[in-house]
Structures are given as C-alpha cells and as structure tokens.
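With compact mmCIF, C-alpha atoms inside, this is query-v9.txt:
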```
# COMPACT_ATOMS: atom_id res chain seq x y z
CA MET A 17 -14.15 -26.64 48.17
CA GLN A 18 -14.47 -22.86 48.22
CA ARG A 19 -17.03 -20.66 46.53
CA THR A 20 -16.83 -16.89 46.12
CA GLU A 21 -20.61 -16.61 46.00
CA ILE A 22 -22.94 -17.97 48.68
CA LEU A 23 -26.65 -17.98 47.90
CA ALA A 24 -29.11 -17.39 50.73
CA VAL A 25 -31.38 -20.26 51.69
CA GLU A 26 -34.96 -18.98 51.83
CA SER A 27 -37.50 -19.88 54.52
CA GLN A 28 -39.29 -22.56 52.45
CA GLU A 29 -35.98 -24.23 51.72
CA ARG A 30 -34.97 -24.07 55.39
CA LYS A 31 -38.03 -26.08 56.29
CA ARG A 32 -37.43 -28.60 53.49
CA TYR A 33 -33.80 -29.19 54.51
CA SER A 34 -34.32 -28.73 58.26
CA ARG A 35 -33.35 -32.28 59.21
CA GLN A 36 -29.88 -31.90 57.71
CA ILE A 37 -29.45 -28.22 58.64
CA ILE A 38 -29.67 -29.15 62.34
CA LEU A 39 -26.56 -31.30 61.95
CA PRO A 40 -23.65 -29.37 63.54
CA GLU A 41 -21.43 -30.31 60.59
CA MET A 42 -23.94 -28.89 58.11
CA GLY A 43 -25.76 -25.90 59.57
CA ILE A 44 -27.19 -23.13 57.45
CA SER A 45 -23.73 -22.34 56.07
CA GLY A 46 -23.40 -25.87 54.70
CA GLN A 47 -26.84 -25.67 53.11
CA GLU A 48 -25.87 -22.40 51.48
CA LYS A 49 -22.75 -24.06 50.06
CA LEU A 50 -24.91 -26.81 48.62
CA LYS A 51 -27.22 -24.25 47.04
CA ALA A 52 -24.27 -22.42 45.47
CA ALA A 53 -22.62 -25.58 44.14
CA ARG A 54 -22.56 -26.55 40.48
CA VAL A 55 -22.20 -30.31 39.94
CA LEU A 56 -21.82 -32.30 36.72
CA VAL A 57 -23.00 -35.92 36.70
CA ILE A 58 -21.64 -38.06 33.86
CA GLY A 59 -24.15 -40.82 33.19
CA ALA A 60 -27.80 -41.12 34.21
CA GLY A 61 -27.72 -44.91 34.50
CA GLY A 62 -27.41 -47.26 37.45
CA LEU A 63 -25.03 -45.06 39.44
CA GLY A 64 -26.32 -41.76 38.12
CA CYS A 65 -29.90 -42.38 39.23
CA PRO A 66 -29.29 -42.57 43.01
CA VAL A 67 -26.62 -39.86 42.82
CA LEU A 68 -29.01 -37.51 41.05
CA GLN A 69 -31.91 -38.28 43.36
CA TYR A 70 -30.00 -37.73 46.58
CA LEU A 71 -28.20 -34.59 45.42
CA THR A 72 -31.50 -33.19 44.21
CA ALA A 73 -33.13 -33.97 47.54
CA ALA A 74 -30.17 -32.48 49.44
CA GLY A 75 -30.51 -29.13 47.65
CA VAL A 76 -27.45 -28.95 45.40
CA GLY A 77 -28.20 -25.72 43.53
CA THR A 78 -27.21 -26.63 39.97
CA ILE A 79 -27.00 -30.18 38.67
CA CYS A 80 -26.17 -31.02 35.07
CA VAL A 81 -26.52 -34.54 33.70
CA VAL A 82 -24.74 -35.55 30.50
CA ASP A 83 -25.76 -38.82 28.84
CA ASP A 84 -26.52 -39.70 25.23
CA ASP A 85 -28.26 -42.99 26.01
CA THR A 86 -31.97 -43.84 25.97
CA VAL A 87 -33.95 -45.91 28.46
CA ASP A 88 -34.03 -49.64 27.72
CA VAL A 89 -36.17 -52.31 29.34
CA THR A 90 -33.00 -53.99 30.69
CA ASN A 91 -32.24 -50.81 32.68
CA LEU A 92 -35.37 -50.90 34.79
CA HIS A 93 -34.26 -53.36 37.50
CA ARG A 94 -31.57 -50.92 38.71
CA GLN A 95 -32.08 -47.47 37.13
CA ILE A 96 -34.87 -46.50 39.45
CA LEU A 97 -35.63 -43.05 38.04
CA TYR A 98 -37.31 -44.66 35.04
CA SER A 99 -40.45 -46.66 34.36
CA ALA A 100 -41.75 -48.74 31.48
CA ASP A 101 -43.35 -45.61 30.03
CA ASP A 102 -39.88 -44.08 29.60
CA ILE A 103 -38.46 -46.81 27.34
CA GLY A 104 -36.88 -45.21 24.26
CA LYS A 105 -36.67 -41.74 25.81
CA SER A 106 -33.50 -39.77 26.51
CA LYS A 107 -32.11 -40.62 29.94
CA ALA A 108 -30.72 -37.13 30.54
CA GLU A 109 -33.93 -35.34 29.59
CA THR A 110 -36.20 -37.82 31.38
CA ALA A 111 -34.09 -37.66 34.53
CA VAL A 112 -34.17 -33.86 34.60
CA LYS A 113 -37.94 -33.81 34.12
CA LYS A 114 -38.51 -36.18 37.04
CA LEU A 115 -35.94 -34.54 39.30
CA SER A 116 -37.48 -31.11 38.67
CA ALA A 117 -40.73 -32.44 40.11
CA MET A 118 -38.82 -33.65 43.18
CA ASN A 119 -37.32 -30.28 44.06
CA PRO A 120 -38.41 -26.98 42.47
CA PHE A 121 -35.69 -25.00 44.27
CA ILE A 122 -32.75 -26.22 42.17
CA ASN A 123 -31.56 -25.74 38.61
CA LEU A 124 -31.36 -28.93 36.53
CA ILE A 125 -29.71 -29.13 33.12
CA ALA A 126 -29.82 -31.99 30.60
CA ILE A 127 -27.10 -32.45 27.99
CA PRO A 128 -28.19 -35.48 25.91
CA VAL A 129 -24.83 -36.05 24.22
CA ARG A 130 -21.88 -38.35 24.79
CA LEU A 131 -18.92 -36.82 26.62
CA ASP A 132 -15.99 -36.89 24.19
CA GLU A 133 -12.66 -35.21 23.53
CA LEU A 134 -14.33 -32.40 21.57
CA ASN A 135 -16.84 -31.31 24.22
CA ALA A 136 -15.42 -32.52 27.55
CA SER A 137 -13.37 -29.44 28.38
CA GLU A 138 -16.15 -27.02 27.53
CA ILE A 139 -18.77 -28.93 29.53
CA ILE A 140 -16.65 -29.71 32.60
CA SER A 141 -15.25 -26.17 32.88
CA ASN A 142 -18.71 -24.88 33.86
CA TYR A 143 -18.92 -26.96 37.05
CA ASP A 144 -17.21 -27.08 40.45
CA LEU A 145 -17.19 -30.85 40.83
CA VAL A 146 -17.63 -33.84 38.52
CA ILE A 147 -19.23 -37.18 39.33
CA ASP A 148 -18.34 -40.08 37.06
CA GLY A 149 -21.08 -42.67 36.84
CA SER A 150 -20.06 -43.87 33.37
CA ASP A 151 -19.75 -47.53 32.41
CA ASN A 152 -16.72 -47.55 30.11
CA PHE A 153 -12.99 -46.95 30.48
CA ALA A 154 -12.71 -44.40 27.69
CA THR A 155 -15.07 -42.00 29.44
CA ARG A 156 -13.45 -42.59 32.84
CA TYR A 157 -9.97 -41.72 31.59
CA LEU A 158 -11.26 -38.75 29.62
CA ALA A 159 -13.17 -37.37 32.62
CA ASN A 160 -10.12 -37.86 34.83
CA ASP A 161 -7.69 -36.18 32.44
CA VAL A 162 -9.92 -33.17 31.86
CA CYS A 163 -10.55 -32.78 35.60
CA VAL A 164 -6.77 -32.87 36.21
CA ALA A 165 -6.23 -30.23 33.53
CA LEU A 166 -9.00 -27.99 34.90
CA ASN A 167 -8.29 -28.75 38.59
CA LYS A 168 -11.74 -30.18 39.31
CA PRO A 169 -12.38 -32.87 41.96
CA LEU A 170 -13.79 -36.10 40.55
CA VAL A 171 -16.05 -38.49 42.47
CA PHE A 172 -15.82 -41.99 41.01
CA GLY A 173 -17.87 -45.16 41.28
CA SER A 174 -18.02 -48.48 39.45
CA ILE A 175 -20.10 -51.65 39.77
CA LEU A 176 -20.00 -55.22 38.46
CA ARG A 177 -21.83 -58.34 39.62
CA PHE A 178 -21.88 -57.94 43.43
CA GLU A 179 -18.87 -55.64 43.81
CA GLY A 180 -18.62 -51.87 43.78
CA GLN A 181 -15.84 -49.31 44.15
CA VAL A 182 -15.85 -45.67 45.25
CA SER A 183 -13.06 -43.08 45.35
CA VAL A 184 -12.39 -39.35 44.99
CA PHE A 185 -9.73 -38.21 42.55
CA ASN A 186 -7.83 -34.95 42.08
CA TYR A 187 -9.06 -33.55 45.39
CA LYS A 188 -6.76 -30.76 46.59
CA GLY A 189 -3.91 -32.12 44.50
CA GLY A 190 -4.52 -35.70 45.58
CA PRO A 191 -4.17 -38.88 43.49
CA THR A 192 -5.99 -39.23 40.17
CA TYR A 193 -7.68 -42.14 38.45
CA ARG A 194 -4.48 -42.87 36.52
CA CYS A 195 -2.56 -43.18 39.80
CA LEU A 196 -4.76 -46.14 40.67
CA PHE A 197 -5.24 -47.54 37.17
CA PRO A 198 -2.31 -46.36 35.00
CA GLU A 199 -3.35 -48.10 31.80
CA ALA A 200 -6.76 -48.41 30.18
CA GLU A 201 -7.74 -52.02 29.61
CA GLU A 202 -11.32 -52.78 28.66
CA GLY A 203 -12.94 -55.48 30.77
CA ASP A 204 -16.36 -56.93 31.45
CA ASN A 205 -19.36 -54.66 31.90
CA CYS A 206 -22.81 -55.18 33.41
CA GLU A 207 -24.24 -56.19 30.04
CA VAL A 208 -21.80 -59.10 29.84
CA ALA A 209 -21.19 -60.02 33.47
CA GLY A 210 -24.41 -58.86 35.13
CA VAL A 211 -25.08 -56.77 38.23
CA ILE A 212 -27.39 -57.15 41.22
CA GLY A 213 -29.96 -54.35 41.01
CA ILE A 214 -29.43 -53.00 44.53
CA LEU A 215 -25.66 -52.49 44.10
CA PRO A 216 -25.77 -49.21 42.12
CA GLY A 217 -28.08 -47.84 44.81
CA ILE A 218 -25.51 -48.63 47.50
CA ILE A 219 -22.51 -47.32 45.57
CA GLY A 220 -24.37 -44.31 44.15
CA THR A 221 -25.39 -43.28 47.66
CA TYR A 222 -21.74 -43.42 48.77
CA MET A 223 -20.85 -41.21 45.79
CA ALA A 224 -23.53 -38.67 46.70
CA ASN A 225 -22.28 -38.67 50.29
CA GLU A 226 -18.71 -37.93 49.18
CA THR A 227 -20.01 -35.11 46.97
CA ILE A 228 -21.89 -33.47 49.83
CA LYS A 229 -18.86 -33.74 52.14
CA ILE A 230 -16.60 -32.15 49.52
CA ILE A 231 -19.01 -29.27 48.89
CA CYS A 232 -19.66 -28.55 52.57
CA GLY A 233 -16.13 -29.22 53.77
CA PHE A 234 -16.68 -31.78 56.49
CA GLY A 235 -15.81 -35.43 57.14
CA GLU A 236 -13.05 -37.63 55.78
CA ILE A 237 -12.88 -37.68 51.99
CA LEU A 238 -12.03 -40.83 50.02
CA SER A 239 -9.05 -39.11 48.42
CA GLY A 240 -6.16 -41.54 48.03
CA LYS A 241 -8.50 -44.28 49.22
CA LEU A 242 -10.43 -46.90 47.27
CA LEU A 243 -13.52 -48.27 48.98
CA VAL A 244 -14.32 -51.79 47.74
CA LEU A 245 -17.69 -53.17 48.78
CA ASN A 246 -18.83 -56.74 48.15
CA ALA A 247 -22.57 -57.12 48.59
CA LEU A 248 -22.45 -60.91 48.34
CA GLY A 249 -20.07 -61.43 51.24
CA ASN A 250 -20.92 -58.22 53.14
CA THR A 251 -17.28 -57.10 53.08
CA ASN A 252 -16.21 -53.47 53.05
CA ASN A 253 -12.51 -52.62 52.65
CA VAL A 254 -10.57 -49.40 52.07
CA PHE A 255 -7.19 -49.43 50.28
CA ASN A 256 -4.77 -46.53 50.29
CA PHE A 257 -2.93 -45.31 47.19
CA SER A 258 -0.81 -42.25 46.44
CA ARG A 259 -0.29 -39.82 43.59
CA SER A 260 2.29 -41.44 41.34
CA ALA A 261 3.00 -38.67 38.83
CA ASP A 262 1.69 -35.60 37.11
CA PHE A 263 0.07 -36.67 33.88
CA PRO A 264 0.72 -34.48 30.82
CA ILE A 265 -2.34 -33.14 29.06
CA VAL A 266 -2.27 -31.50 25.62
CA GLN A 267 -4.90 -28.77 25.43
CA ASN A 268 -5.81 -27.02 22.19
CA ASP A 269 -8.80 -24.69 22.42
CA ASN A 270 -11.60 -26.96 23.66
CA VAL A 271 -9.85 -30.22 22.81
CA ILE A 272 -8.01 -32.18 25.48
CA THR A 273 -6.07 -35.25 24.40
CA PRO A 274 -5.23 -37.70 27.20
CA LEU A 275 -1.68 -39.02 27.10
CA LYS A 276 -0.48 -42.29 28.59
CA THR A 277 1.10 -41.88 31.98
CA ILE A 278 4.84 -42.33 32.35
CA SER A 279 4.91 -45.08 34.94
CA GLU A 280 7.39 -47.52 36.32
CA ILE A 281 4.64 -49.98 37.16
CA LYS A 282 5.19 -53.25 35.32
CA ILE A 283 2.13 -55.43 35.52
CA GLU A 284 0.54 -57.61 32.87
CA GLU A 285 -2.80 -59.33 32.35
CA MET A 286 -2.97 -63.09 32.05
CA PHE A 287 -6.15 -64.85 31.04
CA PHE A 288 -7.36 -67.81 33.07
CA GLU A 289 -6.77 -70.35 30.28
CA GLU A 290 -3.14 -69.22 30.01
CA LEU A 291 -2.72 -69.55 33.77
CA GLU A 292 -4.09 -73.10 33.66
CA ASN A 293 -1.66 -74.01 30.88
CA ARG A 294 1.32 -72.54 32.72
CA LEU A 295 0.41 -74.27 35.97
CA GLU A 296 -0.03 -77.58 34.17
CA SER A 297 3.23 -77.35 32.21
CA LYS A 298 5.25 -76.32 35.28
CA SER A 299 7.64 -74.61 32.87
CA GLU A 300 8.16 -71.63 35.17
CA ASP A 301 8.07 -70.89 38.87
CA LEU A 302 4.72 -69.21 39.48
CA TYR A 303 3.66 -67.93 42.90
CA LEU A 304 -0.16 -67.92 42.76
CA ILE A 305 -2.10 -65.72 45.20
CA ASP A 306 -5.89 -65.82 45.30
CA VAL A 307 -6.99 -62.38 46.59
CA ARG A 308 -10.65 -63.28 47.03
CA GLU A 309 -12.29 -63.66 50.42
CA ASN A 310 -11.79 -66.94 52.31
CA TYR A 311 -15.28 -68.24 51.56
CA GLU A 312 -14.79 -67.60 47.82
CA PHE A 313 -11.45 -69.38 47.89
CA GLU A 314 -12.98 -72.41 49.59
CA GLU A 315 -15.98 -72.57 47.23
CA ASP A 316 -13.90 -72.31 44.04
CA PHE A 317 -10.39 -73.58 44.73
CA ILE A 318 -7.86 -73.31 41.89
CA GLY A 319 -4.70 -73.62 43.96
CA GLY A 320 -2.15 -71.23 45.37
CA GLU A 321 -2.22 -69.23 48.57
CA ASN A 322 -5.30 -67.33 49.77
CA ILE A 323 -4.53 -63.77 50.87
CA PRO A 324 -7.64 -61.54 50.74
CA LEU A 325 -6.98 -58.17 49.16
CA ALA A 326 -7.43 -56.33 52.46
CA GLU A 327 -4.57 -58.35 53.98
CA LEU A 328 -2.20 -57.96 51.05
CA PRO A 329 -0.16 -54.89 52.17
CA GLU A 330 1.08 -56.57 55.35
CA ASN A 331 2.14 -59.69 53.41
CA ILE A 332 4.07 -58.11 50.53
CA VAL A 333 7.39 -58.37 52.41
CA ASN A 334 7.02 -62.15 52.38
CA PHE A 335 6.67 -62.54 48.60
CA PRO A 336 9.60 -64.22 46.83
CA ALA A 337 11.37 -61.87 44.43
CA ASP A 338 12.75 -64.79 42.38
CA LYS A 339 9.29 -66.02 41.34
CA THR A 340 6.62 -64.66 39.03
CA ILE A 341 3.75 -63.42 41.20
CA VAL A 342 0.29 -64.12 39.82
CA PHE A 343 -2.79 -62.63 41.50
CA TYR A 344 -6.16 -64.21 40.90
CA CYS A 345 -9.82 -63.28 41.46
CA THR A 346 -13.06 -63.82 39.58
CA THR A 347 -13.58 -60.51 37.76
CA GLY A 348 -9.99 -59.24 37.58
CA LYS A 349 -10.71 -56.08 39.58
CA ARG A 350 -9.21 -57.17 42.87
CA SER A 351 -6.29 -58.99 41.25
CA ARG A 352 -5.40 -55.91 39.21
CA ILE A 353 -5.47 -53.73 42.33
CA ALA A 354 -3.23 -56.30 44.01
CA ALA A 355 -0.69 -56.21 41.17
CA THR A 356 -0.71 -52.39 41.22
CA LEU A 357 -0.14 -52.34 44.98
CA LEU A 358 2.76 -54.73 44.57
CA ALA A 359 4.40 -52.55 41.94
CA LYS A 360 3.91 -49.39 43.99
CA ASN A 361 5.70 -51.06 46.90
CA SER A 362 8.90 -51.33 44.83
CA PHE A 363 8.65 -55.07 44.34
CA GLU A 364 11.49 -56.17 42.08
CA GLY A 365 9.85 -59.17 40.42
CA ARG A 366 7.32 -59.61 37.64
CA SER A 367 3.60 -59.84 38.39
CA PHE A 368 0.39 -60.68 36.56
CA TRP A 369 -3.27 -60.18 37.35
CA VAL A 370 -5.83 -62.77 36.28
CA LYS A 371 -9.58 -62.85 35.85
CA LYS A 372 -11.45 -66.08 35.45
CA ALA A 373 -14.21 -65.04 33.06
```
Write the structure described by the file as structure tokens, please.
Amino acid sequence: MQRTEILAVESQERKRYSRQIILPEMGISGQEKLKAARVLVIGAGGLGCPVLQYLTAAGVGTICVVDDDTVDVTNLHRQILYSADDIGKSKAETAVKKLSAMNPFINLIAIPVRLDELNASEIISNYDLVIDGSDNFATRYLANDVCVALNKPLVFGSILRFEGQVSVFNYKGGPTYRCLFPEAEEGDNCEVAGVIGILPGIIGTYMANETIKIICGFGEILSGKLLVLNALGNTNNVFNFSRSADFPIVQNDNVITPLKTISEIKIEEMFFEELENRLESKSEDLYLIDVRENYEFEEDFIGGENIPLAELPENIVNFPADKTIVFYCTTGKRSRIAATLLAKNSFEGRSFWVKKA
C-alpha cells in the first residue's frame, strides 16, 4: 500500500508507539505510514469495537466509522467500547468520542448512517483501505463491489456462535468476496444463532493485524486465503481460493449497482429436513460428507463420511462423479465453503451444502 504523503511522527508520538517502532518490520517509517493512512471501518459493533480500539492505539492517522445503529443492552457482552450508560446512543458517535480520549494524536470521524448504494461510493472513495465489520450480506456485497470498482483493499471478518472467519479481498488485484461467495444468500446472524462474547475480540484483532500489515507493507497478507477459527474446538485452518472473474460494476455518478457474478459454479442449498427426507426415501444416490471436526461428528452423528474441511482438498479426487455430493455442518458456513471448493476444482457432478439449524 503506497502513499504519496508521509507525515512525520513527532517526539511525543515516538514515545507512545516506541514498543512497536523498535520492531525491525515497523521502524519509524512504518509508524509514519500508519499516521498517513486513512481507514474506513464499516460497523462499530462486535467486530468494529476491537478493530477500532487497536487501530486507534496503533496510531492510524485517520479512522472513519460508519454505522447507523444505536447501542442496545444485548450488545454489551461483546461490544466492549460501550457501557450501560451508552444504551440508546449512536454507536458511531459514541465510539469516536471514546476513541478520541484514547489517542489525541489521530483524526476520528463518525458517519452515523447506513452504508447503501447511494452513499457507498462517495464515502469509500475518501479512504485508502476498508474494513468490513458488518453483520449482513447486503452490506458485505456492496462494500466488496465498491472496493473492486475503486480499487480499494477490503479486510473482512465474520462471526457466528463459536466460529469466525477472516480474509483480505481485492488486495493488489487479488480475489474478491464474490470469488469466495459468488451468490448472496441470507443466513443466520448472531441475534438468531448467538455468539460467544470473546469471539469478536479474537477475530477483530486478526482484522486489525491484517490492516496494519497492509498499511506498513510487511508480513503475509490473507489475500486469497480464508482463515477459519473455531473457539470451541481450538481449531485454526486456512483455505486457499483464487480470483474467479472480474465482476462488472455499473457506476453512475455516486451510485454503484452490484451485478451478479457470471460464474460456472453450480452449488445449491439444501435444508436439513429435506436431507433427512431424501436419505430416508433412498430415491437418489447421495454421497454425504460431514465437514465438521471429528469430535463434532462423533457427538452429533447423522451419517455419511467425516472429512473435516481442512482435509477436503486432498480428498476431492476420491469423490464419485456419478453421485450427488452433499456437504453437511451445523451452521452451513463450512459446508458452503466445501461445495464452493468442489466446484472450483472442476468437479463434474452436482453438489449441495446443508445447515442443520
């Protein structure tokens, strides 16, 4: 990530950031890059809170947070920037007020609106890098498509129950969100399925780390890689994916309309009840693969073969092309990734992904 303007780090700032400046990878030049950087954070919720706190502490020069939501009592177990006194207040404005007290050397901006097709291009164009901490598919696809159109790197994170994901999209022409998830299909969210309070802290910290590496230009970036972390089983896996196509974007003034990707991937969703009916009727030849971890498979056995997601790539060559492949997991996240991986490996047959709930 290159900047034409580098801002000098003053003596007071040098002392504040001294413990990271002494890192050979960082140095004073890295700190100056952080100070010159302009970062947009979409969402000041569970993921946004730790991202904002760590980037503020690290000395990122300009941070803008866009969020139209207000603080609710149900947020407090995981959105650690807020307290009971903040209930009912704007998240964006409250976050900026508290972050300003943390570090007076940076510029913080609150935009208390919802990112939409009318304002996304105008807002995102003002920043070097975008961090997506949103909790809905519409915003994720919109942020991705605008970042592709404007050539902005996008740091992504998502959480549900005990599982989180992190990746970096559109980095130096690398894969985008649509390369990994071609079609938008609304699924469970934390309100419906729940989330352990510590998980957004873990995933948000990973997102902040990727942001700092991109800005300063060191380390291995999660571009073309999806990090999947399961806090319940203490598993941590990284899956590779590639850029599948350039996605057309229609841009008129400040309006960007996302278009569906042209993709050869043929995967379908099957609900658990339908899977049970098909297995019971034995009307078709299904090849069921449970992509959960071994301990999950043993605790909640529904049949089929157990191949954890991390071991899937090496086993694809053994899948029968004359059967319908059905991937299963609890939330649908891992099974959908599995079906996408299968399609991207030129598998000839038909495949489904299934979630239990």
Closest contacts (stretch 103-182 of chain A/stretch 55-76 of chain A, max 10 Å, all atoms listed in the file) as a tab-separated table:
```
residue	atom	partner	partner_atom	distance
A:Ser106	CA	A:Ala60	CA	9.7
A:Lys107	CA	A:Ala60	CA	6.1
A:Ala108	CA	A:Ala60	CA	6.2
A:Glu109	CA	A:Ala60	CA	9.6
A:Thr110	CA	A:Ala60	CA	9.5
A:Ala111	CA	A:Ala60	CA	7.2
A:Val112	CA	A:Leu68	CA	9.0
A:Lys114	CA	A:Gln69	CA	9.4
A:Leu115	CA	A:Thr72	CA	6.8
A:Ser116	CA	A:Thr72	CA	8.4
A:Met118	CA	A:Ala73	CA	7.2
A:Asn119	CA	A:Thr72	CA	6.5
A:Pro120	CA	A:Thr72	CA	9.5
A:Phe121	CA	A:Gly75	CA	7.4
A:Ile122	CA	A:Gly75	CA	6.6
A:Asn123	CA	A:Val76	CA	8.6
A:Leu124	CA	A:Thr72	CA	8.8
A:Ile125	CA	A:Leu56	CA	9.2
A:Ala126	CA	A:Val57	CA	10.0
A:Ile127	CA	A:Ile58	CA	9.8
A:Pro128	CA	A:Gly59	CA	9.9
A:Arg130	CA	A:Gly59	CA	9.0
A:Leu131	CA	A:Ile58	CA	7.8
A:Ile139	CA	A:Leu56	CA	8.5
A:Ile140	CA	A:Leu56	CA	7.1
A:Ser141	CA	A:Leu56	CA	9.8
A:Asn142	CA	A:Leu56	CA	8.5
A:Tyr143	CA	A:Val55	CA	5.5
A:Asp144	CA	A:Val55	CA	6.0
A:Leu145	CA	A:Val55	CA	5.1
A:Val146	CA	A:Leu56	CA	4.8
A:Ile147	CA	A:Val57	CA	4.8
A:Asp148	CA	A:Ile58	CA	5.0
A:Gly149	CA	A:Gly59	CA	5.1
A:Ser150	CA	A:Gly59	CA	5.1
A:Asp151	CA	A:Gly59	CA	8.1
A:Thr155	CA	A:Ile58	CA	8.8
A:Arg156	CA	A:Ile58	CA	9.4
A:Ala159	CA	A:Ile58	CA	8.6
A:Leu170	CA	A:Leu56	CA	9.7
A:Val171	CA	A:Val57	CA	9.4
A:Phe172	CA	A:Leu63	CA	9.8
A:Gly173	CA	A:Leu63	CA	7.4
A:Ser174	CA	A:Leu63	CA	7.8
A:Ile175	CA	A:Leu63	CA	8.2
```
Once you have the residues from the selection above, write them out as an mmCIF file, keeping the file's coordinate frame, restricted to C-alpha atoms.
```cif
data_model
loop_
_atom_site.group_PDB
_atom_site.id
_atom_site.type_symbol
_atom_site.label_atom_id
_atom_site.label_comp_id
_atom_site.auth_asym_id
_atom_site.auth_seq_id
_atom_site.Cartn_x
_atom_site.Cartn_y
_atom_site.Cartn_z
ATOM 1 C CA SER A 106 -33.500 -39.770 26.510
ATOM 2 C CA LYS A 107 -32.110 -40.620 29.940
ATOM 3 C CA ALA A 108 -30.720 -37.130 30.540
ATOM 4 C CA GLU A 109 -33.930 -35.340 29.590
ATOM 5 C CA THR A 110 -36.200 -37.820 31.380
ATOM 6 C CA ALA A 111 -34.090 -37.660 34.530
ATOM 7 C CA VAL A 112 -34.170 -33.860 34.600
ATOM 8 C CA LYS A 114 -38.510 -36.180 37.040
ATOM 9 C CA LEU A 115 -35.940 -34.540 39.300
ATOM 10 C CA SER A 116 -37.480 -31.110 38.670
ATOM 11 C CA MET A 118 -38.820 -33.650 43.180
ATOM 12 C CA ASN A 119 -37.320 -30.280 44.060
ATOM 13 C CA PRO A 120 -38.410 -26.980 42.470
ATOM 14 C CA PHE A 121 -35.690 -25.000 44.270
ATOM 15 C CA ILE A 122 -32.750 -26.220 42.170
ATOM 16 C CA ASN A 123 -31.560 -25.740 38.610
ATOM 17 C CA LEU A 124 -31.360 -28.930 36.530
ATOM 18 C CA ILE A 125 -29.710 -29.130 33.120
ATOM 19 C CA ALA A 126 -29.820 -31.990 30.600
ATOM 20 C CA ILE A 127 -27.100 -32.450 27.990
ATOM 21 C CA PRO A 128 -28.190 -35.480 25.910
ATOM 22 C CA ARG A 130 -21.880 -38.350 24.790
ATOM 23 C CA LEU A 131 -18.920 -36.820 26.620
ATOM 24 C CA ILE A 139 -18.770 -28.930 29.530
ATOM 25 C CA ILE A 140 -16.650 -29.710 32.600
ATOM 26 C CA SER A 141 -15.250 -26.170 32.880
ATOM 27 C CA ASN A 142 -18.710 -24.880 33.860
ATOM 28 C CA TYR A 143 -18.920 -26.960 37.050
ATOM 29 C CA ASP A 144 -17.210 -27.080 40.450
ATOM 30 C CA LEU A 145 -17.190 -30.850 40.830
ATOM 31 C CA VAL A 146 -17.630 -33.840 38.520
ATOM 32 C CA ILE A 147 -19.230 -37.180 39.330
ATOM 33 C CA ASP A 148 -18.340 -40.080 37.060
ATOM 34 C CA GLY A 149 -21.080 -42.670 36.840
ATOM 35 C CA SER A 150 -20.060 -43.870 33.370
ATOM 36 C CA ASP A 151 -19.750 -47.530 32.410
ATOM 37 C CA THR A 155 -15.070 -42.000 29.440
ATOM 38 C CA ARG A 156 -13.450 -42.590 32.840
ATOM 39 C CA ALA A 159 -13.170 -37.370 32.620
ATOM 40 C CA LEU A 170 -13.790 -36.100 40.550
ATOM 41 C CA VAL A 171 -16.050 -38.490 42.470
ATOM 42 C CA PHE A 172 -15.820 -41.990 41.010
ATOM 43 C CA GLY A 173 -17.870 -45.160 41.280
ATOM 44 C CA SER A 174 -18.020 -48.480 39.450
ATOM 45 C CA ILE A 175 -20.100 -51.650 39.770
#
```
Set the distance at 9 Å and use all atoms listed in the file: which residues neighbour stretch 236-243 of chain A once local chain neighbours fewer than 4 positions away are removed? I'd like the list as a PyMOL selection string.
chain A and resi 171+180-188+190-192+196+226+229-230+252-259
File of the preceding selection, C-alpha atoms, as a PDB file, in the frame of the given file:
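Just written: part_22.pdb:
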```
ATOM      1  CA  VAL A 171     -16.050 -38.490  42.470  1.00  0.00           C
ATOM      2  CA  GLY A 180     -18.620 -51.870  43.780  1.00  0.00           C
ATOM      3  CA  GLN A 181     -15.840 -49.310  44.150  1.00  0.00           C
ATOM      4  CA  VAL A 182     -15.850 -45.670  45.250  1.00  0.00           C
ATOM      5  CA  SER A 183     -13.060 -43.080  45.350  1.00  0.00           C
ATOM      6  CA  VAL A 184     -12.390 -39.350  44.990  1.00  0.00           C
ATOM      7  CA  PHE A 185      -9.730 -38.210  42.550  1.00  0.00           C
ATOM      8  CA  ASN A 186      -7.830 -34.950  42.080  1.00  0.00           C
ATOM      9  CA  TYR A 187      -9.060 -33.550  45.390  1.00  0.00           C
ATOM     10  CA  LYS A 188      -6.760 -30.760  46.590  1.00  0.00           C
ATOM     11  CA  GLY A 190      -4.520 -35.700  45.580  1.00  0.00           C
ATOM     12  CA  PRO A 191      -4.170 -38.880  43.490  1.00  0.00           C
ATOM     13  CA  THR A 192      -5.990 -39.230  40.170  1.00  0.00           C
ATOM     14  CA  LEU A 196      -4.760 -46.140  40.670  1.00  0.00           C
ATOM     15  CA  GLU A 226     -18.710 -37.930  49.180  1.00  0.00           C
ATOM     16  CA  LYS A 229     -18.860 -33.740  52.140  1.00  0.00           C
ATOM     17  CA  ILE A 230     -16.600 -32.150  49.520  1.00  0.00           C
ATOM     18  CA  ASN A 252     -16.210 -53.470  53.050  1.00  0.00           C
ATOM     19  CA  ASN A 253     -12.510 -52.620  52.650  1.00  0.00           C
ATOM     20  CA  VAL A 254     -10.570 -49.400  52.070  1.00  0.00           C
ATOM     21  CA  PHE A 255      -7.190 -49.430  50.280  1.00  0.00           C
ATOM     22  CA  ASN A 256      -4.770 -46.530  50.290  1.00  0.00           C
ATOM     23  CA  PHE A 257      -2.930 -45.310  47.190  1.00  0.00           C
ATOM     24  CA  SER A 258      -0.810 -42.250  46.440  1.00  0.00           C
ATOM     25  CA  ARG A 259      -0.290 -39.820  43.590  1.00  0.00           C
TER      26      ARG A 259
END
```
One-decimal distance in Å that lies between atom CA of A:Asp301 and atom CA of A:Met286:
15.1 Å
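The interatomic distance for the pair atom CA of A:Phe343 and atom CA of A:Ile219 works out to 25.3 Å.
One finds atom CA of A:Phe178 at 5.3 Å from atom CA of A:Ala247.
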